[in-house]
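A.B. asks: A single structure is presented below for examination.
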Amino acid sequence: MSVLQAGQRGEAPQEEPLPRLSASQRAVLKRCWRKWGWKYIDRLEPKGPTHKNLWFGIGIHEALAGHYGLGTDRGEHPARIFEQWANGEVPKIKVYAERFEADEKVYLDAVELGVIMLEEYIKEYGADDQWHVIATEQEGRVRIPDPNGRRMVARFSYVFDGVVRDRSTGKIWLVEHKTASQINTDHLSLDEQAGAYWAVASSVLRRSGVLSEKETIAGVMYNFLRKTTPDNRPRHPVTGERLNKPTKAHYLAALADAEISVAKTIKVEQLAAACEAEGLIVLGDVSASQPTPAFVRYPVRRNVHERRTQIERIGHEAAIVTQLRSGTLPLIKTPRQSGFDACKWCEFFQMCELHERGADWETYRDHMYTVRPADERKSAYQPSN
């Protein structure tokens, strides 16, 4: 039974509105209940711009969404879209930096990096006409049943980065754009965000007429863009491997092969000039340090059991959310010392320390945070009060 079919059954009317769950809310819920309470019950947001990494990711998504039209239509170059988006954001960051003595340079550096990455992305994929785009940046909500399928317990909010048909295989994929300093695919079979989007996508798109009743989405295609500048070292003409700079021995060998005599005491710079004058292309040895790919497209197939598992898990989480909001469950903390989600990276870390010590954390809260309006999607920038 699909999510939407379940939602169309004749269940009794709900006395209370169904709680709303999003992918980001679910991630915070699994990390720390106390953080979840501050973020989704109190709706606290730091005054000023979003963390650089999240801000950067939002901009890249905006650029790719604007670039990929339906079918094989392609819009403006994503680097230009990113520039336009960033130009609207940077003045807000400057105001924040002046008021809170923050470092705006990290955001300005991120703008430059984003433009370079997207320029290289188009060099890599060109018009990308292998992808026939079915949907892009589609958002909405679906009702989620409890694990027994007897009644609706939540509304799950989704935003699909894209849905494409691979023209070479005919398979349909949910596309998930990812920016990362290092590309890691080991965990993707258990990825919650894209997995949940995939679990509802086929039903949503069938109901809207985008997919036929017989069509289904095979899985998730992760479209990674690594945060890096291009490696401009020469490439081997056959293997494409990066090469070191030519040494004196390489230049001498090239000149000898061309039957051009030079003094062995001549300097490397002079040898390079002599080779250039003769039109000789001189390459160095293959470097022991080869760059990791800047772009990776990694498909993860999904099956019917995984769809059921995802829906059931959202239902269980909805029950936890209901109890947290009612106070039946306490908003306990989950301290974590290391890793990408360590407490020191949390936007509530300093306030949480004050709260832990029984100090005046409320004054800190009122000075450093603003309250987000109810049921509003986060933007890249939250203005100060």
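The chains in the structure tokens are called A, B, ... from first to last as shown; in each chain the residues are counted from 1, and the ligands are counted from 1 in the order shown.
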Would you give me, as a ChimeraX atom specification, the residues in segment 188-260 of chain A that DSSP reads as alpha helix (DSSP H)?

C.D. replies: /A:192-207,248-257

A.B. asks: Just to be explicit: take each residue in the selection above, keep C-alpha atoms, and write the result as a PDB file, in the first residue's frame.

C.D. replies:
```pdb
ATOM      1  CA  GLU A 192      17.715   8.835   5.200  1.00  0.00           C
ATOM      2  CA  GLN A 193      17.010  12.058   3.343  1.00  0.00           C
ATOM      3  CA  ALA A 194      17.163  10.832  -0.232  1.00  0.00           C
ATOM      4  CA  GLY A 195      15.796   7.443   0.818  1.00  0.00           C
ATOM      5  CA  ALA A 196      12.662   9.028   2.230  1.00  0.00           C
ATOM      6  CA  TYR A 197      12.232  11.265  -0.811  1.00  0.00           C
ATOM      7  CA  TRP A 198      12.544   8.210  -3.049  1.00  0.00           C
ATOM      8  CA  ALA A 199       9.997   6.325  -0.924  1.00  0.00           C
ATOM      9  CA  VAL A 200       7.254   8.860  -1.716  1.00  0.00           C
ATOM     10  CA  ALA A 201       8.384  10.099  -5.140  1.00  0.00           C
ATOM     11  CA  SER A 202       6.837   7.410  -7.361  1.00  0.00           C
ATOM     12  CA  SER A 203       3.399   7.771  -5.758  1.00  0.00           C
ATOM     13  CA  VAL A 204       3.555  11.571  -5.833  1.00  0.00           C
ATOM     14  CA  LEU A 205       4.574  11.711  -9.495  1.00  0.00           C
ATOM     15  CA  ARG A 206       2.030   9.097 -10.576  1.00  0.00           C
ATOM     16  CA  ARG A 207      -0.741  11.030  -8.877  1.00  0.00           C
ATOM     17  CA  LYS A 248      66.276  18.585 -17.641  1.00  0.00           C
ATOM     18  CA  ALA A 249      66.589  14.971 -18.741  1.00  0.00           C
ATOM     19  CA  HIS A 250      63.184  15.108 -20.490  1.00  0.00           C
ATOM     20  CA  TYR A 251      64.140  18.231 -22.456  1.00  0.00           C
ATOM     21  CA  LEU A 252      67.547  16.815 -23.447  1.00  0.00           C
ATOM     22  CA  ALA A 253      65.944  13.566 -24.612  1.00  0.00           C
ATOM     23  CA  ALA A 254      63.346  15.434 -26.701  1.00  0.00           C
ATOM     24  CA  LEU A 255      66.027  17.554 -28.377  1.00  0.00           C
ATOM     25  CA  ALA A 256      68.219  14.503 -28.982  1.00  0.00           C
ATOM     26  CA  ASP A 257      65.307  12.661 -30.640  1.00  0.00           C
TER      27      ASP A 257
END
```

A.B. asks: Among segment 171-229 of chain A, which residues carry a DSSP assignment of strand (DSSP E), reported as a PyMOL selection string?

C.D. replies: chain A and resi 172-180+219-226

A.B. asks: Could you pull the residues within 12 Å of segment 326-329 of chain A, counting only C-alpha atoms, minus those fewer than 4 positions along the same chain, as a list in words?

C.D. replies: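 Counting only C-alpha atoms, the residues come to Pro19, Trp33, Arg34, Gly37, Ile41, Ala319, Ile320, Val321 and Thr322 of chain A.
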
A.B. asks: For each of A:Ala263, A:Val282, A:Leu188, A:Leu354, take the minimum atom-to-atom distance to Pro234 of chain A, counting only C-alpha atoms, then give the residue where this is smallest.

C.D. replies: A:Val282

A.B. asks: Do you know which residues are at most 9 Å from segment 107-120 of chain A counting only C-alpha atoms, after dropping those on the same chain fewer than 4 positions away, and could you put them as a list of chain:residue names?

C.D. replies: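 Neighbouring residues, sequence-local ones excluded: A:Lys52, A:Asn53, A:Trp55, A:Phe56, A:Gly59, A:Ile60, A:Ala63, A:Leu64, A:His77, A:Pro78, A:Ala79, A:Arg80, A:Phe82, A:Glu83, A:Ala86, A:Asn87, A:Val90, A:Ile93, A:Asp103, A:Glu124, A:Tyr125, A:Leu225, A:Arg226, A:Lys227, A:Thr228, A:Thr229, A:Pro230, A:Ala294.
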
A.B. asks: Which residues come within 9 Å of Glu317 of chain A, counting only C-alpha atoms, excluding same-chain residues fewer than 5 positions away, as a VMD selection string?

C.D. replies: chain A and resid 21 26 29 312 322

A.B. asks: Can you spit out the residues from that selection as a short mmCIF file (atom, residue, chain, number, x, y, z; two decimals), in the first residue's frame, using N, CA, C and O atoms?

C.D. replies:
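Listing of result34.cif after writing:
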```cif
data_model
loop_
_atom_site.label_atom_id
_atom_site.label_comp_id
_atom_site.auth_asym_id
_atom_site.auth_seq_id
_atom_site.Cartn_x
_atom_site.Cartn_y
_atom_site.Cartn_z
N LEU A 21 6.76 16.71 9.41
CA LEU A 21 8.13 16.24 9.49
C LEU A 21 8.82 16.52 8.16
O LEU A 21 8.24 16.30 7.10
N ARG A 26 14.00 15.53 10.73
CA ARG A 26 14.27 14.14 11.11
C ARG A 26 15.74 13.97 11.47
O ARG A 26 16.08 13.24 12.42
N LEU A 29 16.33 15.42 14.89
CA LEU A 29 15.70 14.56 15.89
C LEU A 29 16.59 13.38 16.25
O LEU A 29 16.71 13.01 17.42
N GLU A 312 7.62 3.33 7.47
CA GLU A 312 7.41 2.91 8.85
C GLU A 312 8.26 3.74 9.81
O GLU A 312 7.79 4.11 10.90
N THR A 322 5.36 13.70 18.65
CA THR A 322 4.13 14.01 19.40
C THR A 322 4.38 13.99 20.90
O THR A 322 3.92 14.87 21.64
#
```

A.B. asks: Between A:Tyr158, A:Trp361, A:Pro17, A:Phe295, single out the one closest to Ser181 of chain A, counting only C-alpha atoms.

C.D. replies: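 Of A:Tyr158, A:Trp361, A:Pro17, A:Phe295, the one nearest Ser181 of chain A, counting only C-alpha atoms, is A:Phe295.
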
A.B. asks: Could you jot down the atom CA of Leu243 of chain A to atom CA of Arg297 of chain A separation for me, Å, one decimal place?

C.D. replies: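 Those two atoms sit 25.4 Å apart.
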